[in-house]
Structure formats: C-alpha cells, structure tokens
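Visitor: To be precise about what I am sending: the file is called target-v7.cif and holds mmCIF, C-alpha atoms.
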data_entry
#
loop_
_atom_site.label_atom_id
_atom_site.label_comp_id
_atom_site.auth_asym_id
_atom_site.auth_seq_id
_atom_site.Cartn_x
_atom_site.Cartn_y
_atom_site.Cartn_z
CA MET A 1 0.56 23.01 5.40
CA MET A 2 -2.34 22.95 7.86
CA THR A 3 -3.42 19.51 9.06
CA ASN A 4 -6.57 18.21 10.74
CA GLU A 5 -6.30 15.32 13.19
CA ASN A 6 -9.36 13.65 11.64
CA ASN A 7 -8.48 14.26 7.98
CA PHE A 8 -5.67 13.07 5.77
CA LYS A 9 -5.52 13.78 2.03
CA ILE A 10 -3.89 11.08 -0.07
CA GLY A 11 -2.93 10.70 -3.72
CA ILE A 12 -3.13 7.28 -5.38
CA ALA A 13 -1.36 6.86 -8.72
CA GLN A 14 -2.28 4.71 -11.68
CA SER A 15 0.99 5.22 -13.51
CA GLN A 16 2.88 4.04 -16.55
CA ILE A 17 5.77 1.65 -15.81
CA SER A 18 8.60 0.59 -18.12
CA SER A 19 12.03 -1.04 -17.88
CA ASP A 20 13.64 2.44 -18.01
CA VAL A 21 14.27 3.59 -14.43
CA ALA A 22 14.83 7.24 -15.39
CA GLN A 23 11.59 7.29 -17.37
CA ASN A 24 9.73 5.74 -14.44
CA ALA A 25 11.23 8.30 -12.07
CA ALA A 26 10.13 11.16 -14.31
CA GLU A 27 6.57 9.82 -14.17
CA ILE A 28 6.77 9.48 -10.39
CA CYS A 29 8.11 13.02 -9.97
CA ARG A 30 5.39 14.43 -12.22
CA LEU A 31 2.64 12.76 -10.21
CA ILE A 32 4.20 13.73 -6.86
CA THR A 33 4.15 17.36 -7.99
CA LYS A 34 0.58 17.05 -9.24
CA ALA A 35 -0.60 15.43 -5.98
CA ALA A 36 1.10 18.12 -3.89
CA ALA A 37 -0.58 20.84 -5.93
CA LYS A 38 -3.89 19.30 -4.85
CA GLN A 39 -2.78 19.45 -1.19
CA ALA A 40 -2.17 15.70 -0.75
CA ARG A 41 0.17 14.76 2.08
CA LEU A 42 1.18 11.40 0.61
CA VAL A 43 1.11 9.76 -2.81
CA LEU A 44 1.13 5.99 -3.35
CA PHE A 45 2.60 4.23 -6.40
CA PRO A 46 2.25 0.70 -7.81
CA GLU A 47 4.44 -2.36 -7.32
CA GLY A 48 7.65 -1.97 -9.30
CA ALA A 49 6.80 1.65 -10.18
CA LEU A 50 10.46 2.73 -10.15
CA SER A 51 12.40 -0.41 -11.01
CA GLY A 52 9.98 -2.16 -13.33
CA TYR A 53 8.51 -5.49 -12.32
CA ALA A 54 9.68 -9.08 -12.88
CA LYS A 55 8.48 -10.67 -16.13
CA ALA A 56 6.38 -7.69 -17.11
CA HIS A 57 9.25 -5.24 -17.70
CA ILE A 58 12.43 -7.03 -16.56
CA LEU A 59 13.32 -10.35 -18.18
CA HIS A 60 15.92 -11.56 -15.66
CA PRO A 61 16.81 -10.49 -12.11
CA ASP A 62 20.29 -9.38 -13.12
CA GLN A 63 18.70 -6.78 -15.42
CA PHE A 64 17.45 -4.67 -12.54
CA ASP A 65 19.42 -1.42 -12.71
CA HIS A 66 20.23 -0.93 -9.04
CA ALA A 67 22.63 1.96 -9.61
CA ALA A 68 19.96 3.89 -11.49
CA ILE A 69 17.39 3.08 -8.80
CA GLY A 70 19.68 4.59 -6.14
CA ASP A 71 20.28 7.71 -8.21
CA GLN A 72 16.61 8.23 -8.99
CA ILE A 73 15.51 7.70 -5.39
CA LYS A 74 17.63 10.74 -4.53
CA ARG A 75 15.98 12.70 -7.36
CA ILE A 76 12.52 11.68 -6.18
CA GLY A 77 13.45 12.63 -2.61
CA ASP A 78 14.37 16.13 -3.79
CA VAL A 79 10.97 16.50 -5.47
CA ALA A 80 9.17 15.21 -2.36
CA ARG A 81 11.06 17.70 -0.18
CA GLN A 82 10.37 20.60 -2.53
CA ASN A 83 6.66 19.75 -2.46
CA ASN A 84 6.41 18.85 1.25
CA ILE A 85 4.82 15.47 0.51
CA TRP A 86 5.43 11.83 1.41
CA ALA A 87 5.78 9.16 -1.29
CA VAL A 88 5.47 5.36 -1.18
CA ILE A 89 7.07 3.84 -4.26
CA GLY A 90 7.16 0.25 -5.48
CA ALA A 91 10.67 -0.88 -6.43
CA CYS A 92 13.23 -3.60 -5.85
CA HIS A 93 16.03 -3.39 -3.29
CA GLN A 94 19.42 -4.93 -3.95
CA ILE A 95 20.77 -7.53 -1.50
CA GLU A 96 24.53 -7.89 -1.47
CA GLY A 97 25.73 -11.28 -2.69
CA THR A 98 22.64 -12.26 -4.66
CA ASP A 99 20.81 -11.19 -7.80
CA ARG A 100 17.47 -11.78 -6.04
CA PRO A 101 16.42 -8.44 -4.54
CA TYR A 102 13.58 -7.63 -2.20
CA ASN A 103 10.30 -6.63 -3.82
CA CYS A 104 9.60 -3.55 -1.76
CA GLN A 105 7.98 -0.19 -1.19
CA TYR A 106 10.34 2.71 -0.52
CA ILE A 107 8.93 5.25 1.95
CA ILE A 108 10.18 8.80 1.37
CA SER A 109 9.31 11.53 3.86
CA ASP A 110 8.21 15.08 3.16
CA LYS A 111 11.80 16.05 4.03
CA GLY A 112 13.02 14.03 1.05
CA GLU A 113 14.55 11.29 3.19
CA LEU A 114 14.26 7.55 2.58
CA VAL A 115 12.96 6.78 6.07
CA ALA A 116 11.79 3.17 5.73
CA ARG A 117 11.40 0.23 3.39
CA ASN A 118 8.60 -2.33 3.37
CA ASP A 119 9.74 -5.66 1.92
CA LYS A 120 7.13 -8.01 0.47
CA ILE A 121 6.82 -10.85 2.97
CA TYR A 122 4.53 -13.25 1.10
CA ILE A 123 6.03 -13.45 -2.37
CA SER A 124 4.39 -15.54 -5.09
CA HIS A 125 5.51 -19.01 -6.21
CA THR A 126 7.21 -17.62 -9.33
CA GLU A 127 8.85 -14.81 -7.39
CA LEU A 128 10.15 -17.31 -4.83
CA GLN A 129 11.55 -19.69 -7.44
CA ASP A 130 13.20 -17.27 -9.84
CA TRP A 131 13.06 -13.61 -8.87
CA TYR A 132 12.92 -12.16 -5.37
CA THR A 133 13.92 -12.77 -1.76
CA PRO A 134 11.06 -12.85 0.78
CA GLY A 135 11.07 -10.15 3.42
CA GLU A 136 11.21 -10.79 7.15
CA PRO A 137 7.76 -11.40 8.77
CA ASP A 138 7.78 -7.98 10.38
CA PRO A 139 4.97 -5.75 9.04
CA LYS A 140 5.89 -2.08 8.85
CA THR A 141 3.82 0.88 9.98
CA ILE A 142 4.48 4.60 9.85
CA ASP A 143 2.76 7.58 11.51
CA ILE A 144 2.06 10.77 9.55
CA ASP A 145 -0.02 13.68 10.87
CA GLY A 146 -1.75 11.49 13.46
CA PHE A 147 -2.65 8.69 11.01
CA LYS A 148 -0.99 5.27 11.14
CA PHE A 149 -0.31 3.51 7.83
CA GLY A 150 0.47 -0.14 7.13
CA PHE A 151 1.75 -1.69 3.93
CA ALA A 152 1.01 -4.61 1.63
CA ILE A 153 2.08 -5.68 -1.84
CA CYS A 154 0.16 -7.60 -4.51
CA ILE A 155 -0.40 -11.28 -3.61
CA GLU A 156 -0.38 -10.38 0.08
CA ALA A 157 -4.04 -9.53 -0.55
CA THR A 158 -4.62 -13.29 -0.26
CA MET A 159 -3.05 -13.43 3.21
CA PRO A 160 -5.70 -12.31 5.74
CA GLN A 161 -3.33 -12.88 8.66
CA HIS A 162 -1.17 -10.04 7.34
CA PHE A 163 -4.12 -7.65 7.31
CA GLN A 164 -5.24 -8.80 10.76
CA GLN A 165 -1.75 -8.25 12.16
CA LEU A 166 -1.75 -4.71 10.79
CA GLU A 167 -5.16 -4.07 12.38
CA GLU A 168 -3.76 -5.23 15.72
CA MET A 169 -0.98 -2.67 15.24
CA GLY A 170 -3.66 0.05 15.06
CA VAL A 171 -3.44 1.19 11.44
CA ASP A 172 -5.92 3.61 9.92
CA CYS A 173 -5.08 2.79 6.30
CA ILE A 174 -3.23 0.14 4.29
CA LEU A 175 -1.03 1.39 1.44
CA TYR A 176 -1.28 -1.43 -1.09
CA SER A 177 0.90 -1.49 -4.21
CA SER A 178 0.20 -4.09 -6.88
CA MET A 179 0.89 -5.29 -10.40
CA ALA A 180 -1.88 -7.92 -10.42
CA ASN A 181 -4.69 -7.24 -12.84
CA THR A 182 -7.50 -9.30 -11.36
CA SER A 183 -10.82 -8.28 -9.86
CA LEU A 184 -10.38 -11.08 -7.30
CA PHE A 185 -7.96 -8.85 -5.42
CA GLU A 186 -10.51 -6.04 -5.28
CA THR A 187 -12.96 -8.47 -3.68
CA LEU A 188 -10.37 -9.59 -1.12
CA LEU A 189 -9.24 -6.06 -0.28
CA ARG A 190 -12.80 -4.83 0.15
CA GLY A 191 -13.36 -7.73 2.56
CA HIS A 192 -10.25 -6.87 4.57
CA ALA A 193 -11.26 -3.19 4.75
CA ALA A 194 -14.74 -4.09 6.02
CA ALA A 195 -13.62 -6.80 8.45
CA PHE A 196 -10.75 -4.83 9.95
CA THR A 197 -12.39 -1.39 9.63
CA TYR A 198 -9.74 0.69 7.91
CA TRP A 199 -9.14 2.31 4.55
CA VAL A 200 -7.21 0.48 1.84
CA ALA A 201 -5.51 2.57 -0.84
CA VAL A 202 -4.84 0.50 -3.95
CA SER A 203 -2.26 1.61 -6.53
CA GLU A 204 -2.11 -0.24 -9.86
CA PRO A 205 -0.15 0.55 -13.03
CA VAL A 206 -1.73 1.30 -16.37
CA GLN A 207 -2.39 -2.08 -17.97
CA PRO A 208 -4.14 -3.34 -21.10
CA ASP A 209 -7.68 -4.59 -20.42
CA GLN A 210 -7.58 -2.91 -17.00
CA GLU A 211 -9.43 -5.24 -14.64
CA LEU A 212 -8.05 -3.94 -11.33
CA CYS A 213 -7.79 -0.15 -11.09
CA SER A 214 -6.28 2.17 -8.54
CA MET A 215 -8.90 2.97 -5.89
CA LEU A 216 -9.65 3.92 -2.32
CA ILE A 217 -11.71 1.44 -0.31
CA ASP A 218 -13.41 2.80 2.81
CA PRO A 219 -13.87 1.16 6.27
CA ASN A 220 -17.28 -0.14 5.15
CA GLY A 221 -15.62 -2.08 2.34
CA GLN A 222 -17.03 0.24 -0.31
CA VAL A 223 -15.05 1.71 -3.20
CA GLU A 224 -15.05 5.42 -2.41
CA HIS A 225 -12.91 6.54 -5.38
CA LYS A 226 -11.79 4.64 -8.48
CA ALA A 227 -9.40 5.46 -11.32
CA THR A 228 -10.23 5.23 -14.99
CA THR A 229 -10.74 1.80 -16.55
CA ASP A 230 -9.73 2.85 -20.08
CA GLY A 231 -6.03 2.05 -19.77
CA HIS A 232 -4.90 5.64 -19.13
CA GLN A 233 -2.81 7.27 -16.43
CA ASP A 234 -4.74 8.67 -13.52
CA LEU A 235 -4.26 10.19 -10.08
CA ILE A 236 -6.90 9.87 -7.39
CA ILE A 237 -7.01 12.55 -4.71
CA ALA A 238 -9.08 11.46 -1.70
CA THR A 239 -9.53 12.32 1.96
CA LEU A 240 -9.46 9.86 4.83
CA ASP A 241 -11.96 11.37 7.26
CA ARG A 242 -12.33 9.67 10.65
CA ALA A 243 -15.16 12.08 11.58
CA ASP A 244 -17.32 11.18 8.57
CA PRO A 245 -20.67 9.93 9.96
CA ARG A 246 -20.70 7.15 7.35
CA TYR A 247 -17.92 5.45 9.32
CA ASP A 248 -19.06 6.24 12.86
CA ILE A 249 -20.36 2.77 13.73
CA GLN A 250 -17.45 1.00 12.05
CA LEU A 251 -14.66 3.08 13.58
CA ARG A 252 -16.15 4.00 16.97
CA LEU A 253 -17.98 0.77 17.86
CA ALA A 254 -17.23 -2.13 15.53
CA LYS A 255 -13.45 -1.72 15.36
CA PRO A 256 -12.70 -1.93 19.12
CA TRP A 257 -15.36 -4.60 19.69
CA ARG A 258 -14.06 -6.84 16.90
CA ARG A 259 -10.54 -6.52 18.27
CA LYS A 260 -11.77 -7.81 21.64
CA ALA A 261 -13.84 -10.54 19.97
CA ARG A 262 -10.86 -11.82 18.00
CA LYS A 263 -8.87 -12.15 21.20
CA GLY A 264 -11.76 -14.13 22.67
CA ASP A 265 -11.60 -12.95 26.29
CA ILE A 266 -15.12 -11.47 26.20
CA TYR A 267 -16.55 -14.95 25.61
CA LYS A 268 -14.74 -16.92 28.32
CA ASP A 269 -17.17 -16.39 31.21
CA LYS A 270 -20.20 -16.69 28.91
CA ARG A 271 -19.50 -20.17 27.60
CA ARG A 272 -21.20 -23.19 29.11
CA GLY A 273 -19.68 -26.61 28.98
CA HIS A 274 -21.72 -29.44 27.43
CA LYS A 275 -21.56 -32.99 28.72
#
Kindly return the structure encoded in the file as structure tokens.

Guide:
Amino acid sequence: MMTNENNFKIGIAQSQISSDVAQNAAEICRLITKAAAKQARLVLFPEGALSGYAKAHILHPDQFDHAAIGDQIKRIGDVARQNNIWAVIGACHQIEGTDRPYNCQYIISDKGELVARNDKIYISHTELQDWYTPGEPDPKTIDIDGFKFGFAICIEATMPQHFQQLEEMGVDCILYSSMANTSLFETLLRGHAAAFTYWVAVSEPVQPDQELCSMLIDPNGQVEHKATTDGHQDLIIATLDRADPRYDIQLRLAKPWRRKARKGDIYKDKRRGHK
C-alpha cells in the first residue's frame, strides 16, 4: 500500500459489544476488513470491544473469559495481517494471581502481531474499588507510517496532564477508546485537541440514547467526522492530513510555540520583579 508522509487514513468504529467474546471478535473482524477495503491503515475500537465492559456486559470480574480473549486475539491478528492493517482494540488483560485485570487497548500490527498494550492508568472510582487494576503511569506511543499515536481510555479524558504528557512525547493523534456516553467528554476532548494541537480519534460503542458518538476531532478542536446518532453501527473513514491549510497555523506555529511556553523558559528574561 502506498503511503504519504503527510497523510494517514484511519478507521474509527462505532461497534456493537456484548458479553460474548466470539461474537465481539466477529464484529471486530468484519469492521477491520471493511476499513481495509477503504484503504485505512489503522482501525480503532471502543473500550471493552473484545472482552465486554464491567457492569455493562460483565457482572463480575471473574466472568471475563480470558481464554476466549486470547484465542480471538489470534483470530483478529490473522485478519489484520490478511488485510495489511493495524487495529487498536479495547479489552481486558488478565493479571496472574488476581481477578482484577487491566482495562486496556491491544495494539495489533499490520503483520498480525500483538505488538503493544496500553493499560488504562486513571481508572474510575468504581473500577478501582471492584473491577480493574490501574496501569503503570507510563503513557504508550507507537509510530506508523511516519505518524506518532498516543492512547487514552474513557475517564482519562478528565485528566489533562495525561494529554499534555502525550503532546510532550510528540504525538500526532490520540487513539481514544471509551464506553462513557456523555457529551461532557466530547467537550473535554475537543479542548485537549485544540490546546495540544493534535487529532483525537474517539471510538464509542453503539448505545441507547447515543449522547457520545465515535468521531474524529481535528487540531483546531473541531469535529471533522462524526458517526450516526441513531444507535446503529458505523465506521468512520477519515484522513489525518498534516499538509491541510486549515491546520497550518496550529501545527506549524502554535504547536511548537505552546510547547516552549509551557516549559516557561521563553518568559524568564522578560519578567520584571515587583517590590
């Protein structure tokens, strides 16, 4: 597949999720194949897309089917390899000796390999008390075709320090998987995209009374593409284009200047003491 150093085509799923891992995997494989047919290089899925999510689909942590998750990850990897596409998939990851897994995103390469895992660092109060283990405070990034991607999950939208840290690591786009169905998170994510001058891809599941949809937010904080709001499955195909003149000021001027301003060195010799 031909690539352009300024362009990256991404698929963003708004998928159905259930407690049945095999059924979830079939949905994931179908959308991976569909995204690849539209020349996407990566497709992003919601929080818990493979495993099901706490409380919504799984009633107790010991009901997560870790054996099935392992089997289906291999199946999904085969489909990714056959279609030459990357996939980022919300799931849970078993930790030996406890029934409290990590809430994570599995990162599968276009060679079908599970190359990385992003564990949710800032888990919610309920997740902390009853469900999951918090990840180490070590944000992940990955480089694909000259673009650097960072990761975030659900309530991490309320943690601006996480998004600032990823900006300092030089990301072009945040791959955000969520189960939350609140427009507040859209507001927060649009603010992060505008303040830190990168794209934010948002993947949500199909939910009743869909308040937060899958979408792509651009470096100006504007919603560039948005999935259906009628409670149906959808797949957004969008292009991250660093050469688009709409983003010239943000990416070429604002981004490097804001990075310097946040460090504060540019102000040191301009300040005047007051007595």

Visitor: Which polymer residues have any atom within 8 Å of an atom of Phe185 (chain A), counting only C-alpha atoms, with same-chain residues fewer than 3 positions away left out, as an MDAnalysis selection string?

Guide: chainID A and resid 157:158 180 182 188:189 212

Visitor: So what does the PyMOL selection byres ((chain A and resi 176) around 8) actually pick up in this one, as an mmCIF file with C-alpha atoms, in the frame of the given file?

Guide:
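Everything below was put into result34.cif:
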data_model
loop_
_atom_site.group_PDB
_atom_site.id
_atom_site.type_symbol
_atom_site.label_atom_id
_atom_site.label_comp_id
_atom_site.auth_asym_id
_atom_site.auth_seq_id
_atom_site.Cartn_x
_atom_site.Cartn_y
_atom_site.Cartn_z
ATOM 1 C CA PRO A 46 2.250 0.700 -7.810
ATOM 2 C CA PHE A 151 1.750 -1.690 3.930
ATOM 3 C CA ALA A 152 1.010 -4.610 1.630
ATOM 4 C CA ILE A 153 2.080 -5.680 -1.840
ATOM 5 C CA CYS A 154 0.160 -7.600 -4.510
ATOM 6 C CA ILE A 174 -3.230 0.140 4.290
ATOM 7 C CA LEU A 175 -1.030 1.390 1.440
ATOM 8 C CA SER A 177 0.900 -1.490 -4.210
ATOM 9 C CA SER A 178 0.200 -4.090 -6.880
ATOM 10 C CA VAL A 200 -7.210 0.480 1.840
ATOM 11 C CA ALA A 201 -5.510 2.570 -0.840
ATOM 12 C CA VAL A 202 -4.840 0.500 -3.950
ATOM 13 C CA SER A 203 -2.260 1.610 -6.530
#

Visitor: Calculate how many Å separate CA of Gln16 (chain A) from CA of Ile58 (chain A), rounding to one decimal.

Guide: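 Going from CA of Gln16 (chain A) over to CA of Ile58 (chain A), I get 14.6 Å.
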
Visitor: Near His57 (chain A), within 10 Å and counting all atoms listed in the file, which residues show up once chain neighbours fewer than 6 positions away are dropped, as a ChimeraX atom specification?

Guide: /A:17-20,48,51,63-64

Visitor: Show which residues sit within 10 Å of Leu114 (chain A), as an NGL selection string. Count only C-alpha atoms, and ignore same-chain residues fewer than 6 positions away.

Guide: :A and (73-74 or 76-77 or 86-88 or 106-108)

Visitor: Mind pulling up the distance from CA of Asp138 (chain A) to CA of Phe45 (chain A)?

Guide: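 Computing the Euclidean distance for CA of Phe45 (chain A) and CA of Asp138 (chain A) yields 21.4 Å.
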
Visitor: Spell out the residues picked by the PyMOL selection byres ((chain A and resi 235-244) around 9) here, as number ranges by chain.

Guide: A: 5-15, 31, 34-35, 38-40, 43, 172-173, 199, 214-216, 218, 224-227, 233-234, 245-248, 251

Visitor: How far is it from CA of Gly150 (chain A) to CA of Arg81 (chain A), in Å with one decimal?

Guide: 22.0 Å

Visitor: Which of these, A:Gly146, A:Gly191, A:Pro61, A:Gly90, has the shortest distance to Gln129 (chain A) once you count all atoms listed in the file?

Guide: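 Ranking A:Gly146, A:Gly191, A:Pro61, A:Gly90 by distance to Gln129 (chain A), first place goes to A:Pro61.
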
Visitor: Run the PyMOL selection byres ((chain A and resi 104) around 6) against the file shown and list the residues it catches, as an MDAnalysis selection string.

Guide: chainID A and resid 90:92 102:103 105 118:120

Visitor: With C-alpha atoms kept, could you save the residues just selected as a short mmCIF file (atom, residue, chain, number, x, y, z; two decimals), in the frame of the given file?

Guide:
data_model
loop_
_atom_site.label_atom_id
_atom_site.label_comp_id
_atom_site.auth_asym_id
_atom_site.auth_seq_id
_atom_site.Cartn_x
_atom_site.Cartn_y
_atom_site.Cartn_z
CA GLY A 90 7.16 0.25 -5.48
CA ALA A 91 10.67 -0.88 -6.43
CA CYS A 92 13.23 -3.60 -5.85
CA TYR A 102 13.58 -7.63 -2.20
CA ASN A 103 10.30 -6.63 -3.82
CA GLN A 105 7.98 -0.19 -1.19
CA ASN A 118 8.60 -2.33 3.37
CA ASP A 119 9.74 -5.66 1.92
CA LYS A 120 7.13 -8.01 0.47
#

Visitor: Between A:Pro160, A:Gly264, A:Gly170, A:Pro208, which has the minimum distance to His192 (chain A) (counting only C-alpha atoms)?

Guide: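 Looking at the shortest contact to His192 (chain A), the residue is A:Pro160.
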
Visitor: Which of these residues is nearest to Glu27 (chain A), using all atoms listed in the file: A:Gly135, A:Ala56, A:Phe149, A:Pro205?

Guide: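 When distances to Glu27 (chain A) are compared using all atoms listed in the file, the smallest one comes from A:Pro205.
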
Visitor: Pick out the closest residue to Glu156 (chain A) from this set: A:Ser124, A:Thr33, A:Ser183, A:Gln250. Count all atoms listed in the file.

Guide: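 Smallest separation from Glu156 (chain A) among the options: A:Ser124.
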
Visitor: Between A:Ala254, A:Ile89, A:Ile249, A:Ile266, which residue has the minimum interatomic distance to Glu47 (chain A), considering all atoms listed in the file?

Guide: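 Answer, going by the shortest atom-to-atom distance: A:Ile89.
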
Visitor: Calculated over only C-alpha atoms, which of the candidates A:Arg258, A:Arg75, A:His125, A:His66 has the smallest distance to Ala25 (chain A)?

Guide: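 Using only C-alpha atoms, the shortest distance to Ala25 (chain A) belongs to A:Arg75.
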
Visitor: Which polymer residues have any atom within 8 Å of an atom of Asn181 (chain A), counting all atoms listed in the file, with same-chain residues fewer than 4 positions away left out, as a PyMOL selection string?

Guide: chain A and resi 207+210-213

Visitor: Report as JSON the centre and the edge lengths, in Å to one decimal, of the axis-aligned box holding every listed atom of region 247-258 of chain A, padded by 5 Å on each side.

Guide:
{"center_x": -16.5, "center_y": -0.3, "center_z": 14.5, "size_x": 17.7, "size_y": 23.1, "size_z": 20.4}

Visitor: Can you save region 170-194 of chain A of the given block to a file, including N, CA, C and O atoms and formatted as a tab-separated table (two decimals), in the first residue's frame?

Guide:
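File part-v7.tsv, as written:
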chain	number	residue	atom	x	y	z
A	170	GLY	N	5.32	14.09	21.52
A	170	GLY	CA	5.32	14.37	20.09
A	170	GLY	C	4.27	13.65	19.28
A	170	GLY	O	4.45	13.45	18.08
A	171	VAL	N	3.12	13.33	19.87
A	171	VAL	CA	2.11	12.58	19.13
A	171	VAL	C	1.39	13.46	18.11
A	171	VAL	O	1.25	14.67	18.29
A	172	ASP	N	0.95	12.82	17.05
A	172	ASP	CA	0.12	13.47	16.03
A	172	ASP	C	-1.36	13.25	16.30
A	172	ASP	O	-2.20	14.06	15.88
A	173	CYS	N	-1.69	12.13	16.96
A	173	CYS	CA	-3.09	11.76	17.14
A	173	CYS	C	-3.23	10.90	18.38
A	173	CYS	O	-2.39	10.03	18.65
A	174	ILE	N	-4.30	11.12	19.14
A	174	ILE	CA	-4.65	10.28	20.28
A	174	ILE	C	-5.72	9.29	19.84
A	174	ILE	O	-6.73	9.67	19.24
A	175	LEU	N	-5.50	8.01	20.15
A	175	LEU	CA	-6.48	6.96	19.88
A	175	LEU	C	-7.22	6.69	21.19
A	175	LEU	O	-6.69	6.06	22.11
A	176	TYR	N	-8.45	7.19	21.24
A	176	TYR	CA	-9.23	7.22	22.48
A	176	TYR	C	-10.39	6.24	22.37
A	176	TYR	O	-11.26	6.38	21.51
A	177	SER	N	-10.38	5.24	23.25
A	177	SER	CA	-11.46	4.25	23.31
A	177	SER	C	-12.29	4.49	24.56
A	177	SER	O	-11.73	4.70	25.64
A	178	SER	N	-13.62	4.43	24.42
A	178	SER	CA	-14.47	4.79	25.56
A	178	SER	C	-15.74	3.96	25.59
A	178	SER	O	-16.15	3.37	24.58
A	179	MET	N	-16.34	3.91	26.78
A	179	MET	CA	-17.67	3.35	26.97
A	179	MET	C	-18.62	4.44	27.49
A	179	MET	O	-19.83	4.26	27.49
A	180	ALA	N	-18.06	5.56	27.93
A	180	ALA	CA	-18.86	6.63	28.51
A	180	ALA	C	-19.80	7.21	27.47
A	180	ALA	O	-19.43	7.38	26.32
A	181	ASN	N	-21.00	7.52	27.89
A	181	ASN	CA	-21.98	8.07	26.96
A	181	ASN	C	-22.41	9.45	27.46
A	181	ASN	O	-23.55	9.67	27.85
A	182	THR	N	-21.45	10.37	27.45
A	182	THR	CA	-21.72	11.72	27.94
A	182	THR	C	-21.08	12.75	27.03
A	182	THR	O	-19.90	12.61	26.63
A	183	SER	N	-21.82	13.78	26.70
A	183	SER	CA	-21.30	14.84	25.84
A	183	SER	C	-20.19	15.64	26.53
A	183	SER	O	-19.43	16.35	25.87
A	184	LEU	N	-20.11	15.55	27.87
A	184	LEU	CA	-19.03	16.23	28.59
A	184	LEU	C	-17.68	15.79	28.06
A	184	LEU	O	-16.77	16.61	27.89
A	185	PHE	N	-17.54	14.50	27.75
A	185	PHE	CA	-16.25	14.01	27.28
A	185	PHE	C	-15.92	14.56	25.90
A	185	PHE	O	-14.75	14.79	25.59
A	186	GLU	N	-16.92	14.78	25.07
A	186	GLU	CA	-16.66	15.42	23.78
A	186	GLU	C	-16.09	16.82	24.00
A	186	GLU	O	-15.12	17.21	23.34
A	187	THR	N	-16.68	17.55	24.93
A	187	THR	CA	-16.21	18.91	25.23
A	187	THR	C	-14.75	18.88	25.68
A	187	THR	O	-13.92	19.66	25.21
A	188	LEU	N	-14.43	17.96	26.60
A	188	LEU	CA	-13.07	17.85	27.11
A	188	LEU	C	-12.08	17.47	26.01
A	188	LEU	O	-11.00	18.06	25.89
A	189	LEU	N	-12.45	16.49	25.20
A	189	LEU	CA	-11.55	16.02	24.16
A	189	LEU	C	-11.32	17.07	23.09
A	189	LEU	O	-10.21	17.21	22.56
A	190	ARG	N	-12.35	17.82	22.77
A	190	ARG	CA	-12.17	18.91	21.80
A	190	ARG	C	-11.22	19.97	22.37
A	190	ARG	O	-10.41	20.54	21.64
A	191	GLY	N	-11.32	20.22	23.68
A	191	GLY	CA	-10.40	21.16	24.31
A	191	GLY	C	-8.96	20.67	24.28
A	191	GLY	O	-8.04	21.43	23.98
A	192	HIS	N	-8.76	19.37	24.57
A	192	HIS	CA	-7.40	18.82	24.52
A	192	HIS	C	-6.83	18.90	23.11
A	192	HIS	O	-5.66	19.27	22.91
A	193	ALA	N	-7.65	18.56	22.11
A	193	ALA	CA	-7.19	18.60	20.72
A	193	ALA	C	-6.75	20.01	20.33
A	193	ALA	O	-5.70	20.19	19.70
A	194	ALA	N	-7.54	21.01	20.73
A	194	ALA	CA	-7.22	22.39	20.38
A	194	ALA	C	-6.01	22.91	21.15
A	194	ALA	O	-5.14	23.59	20.59
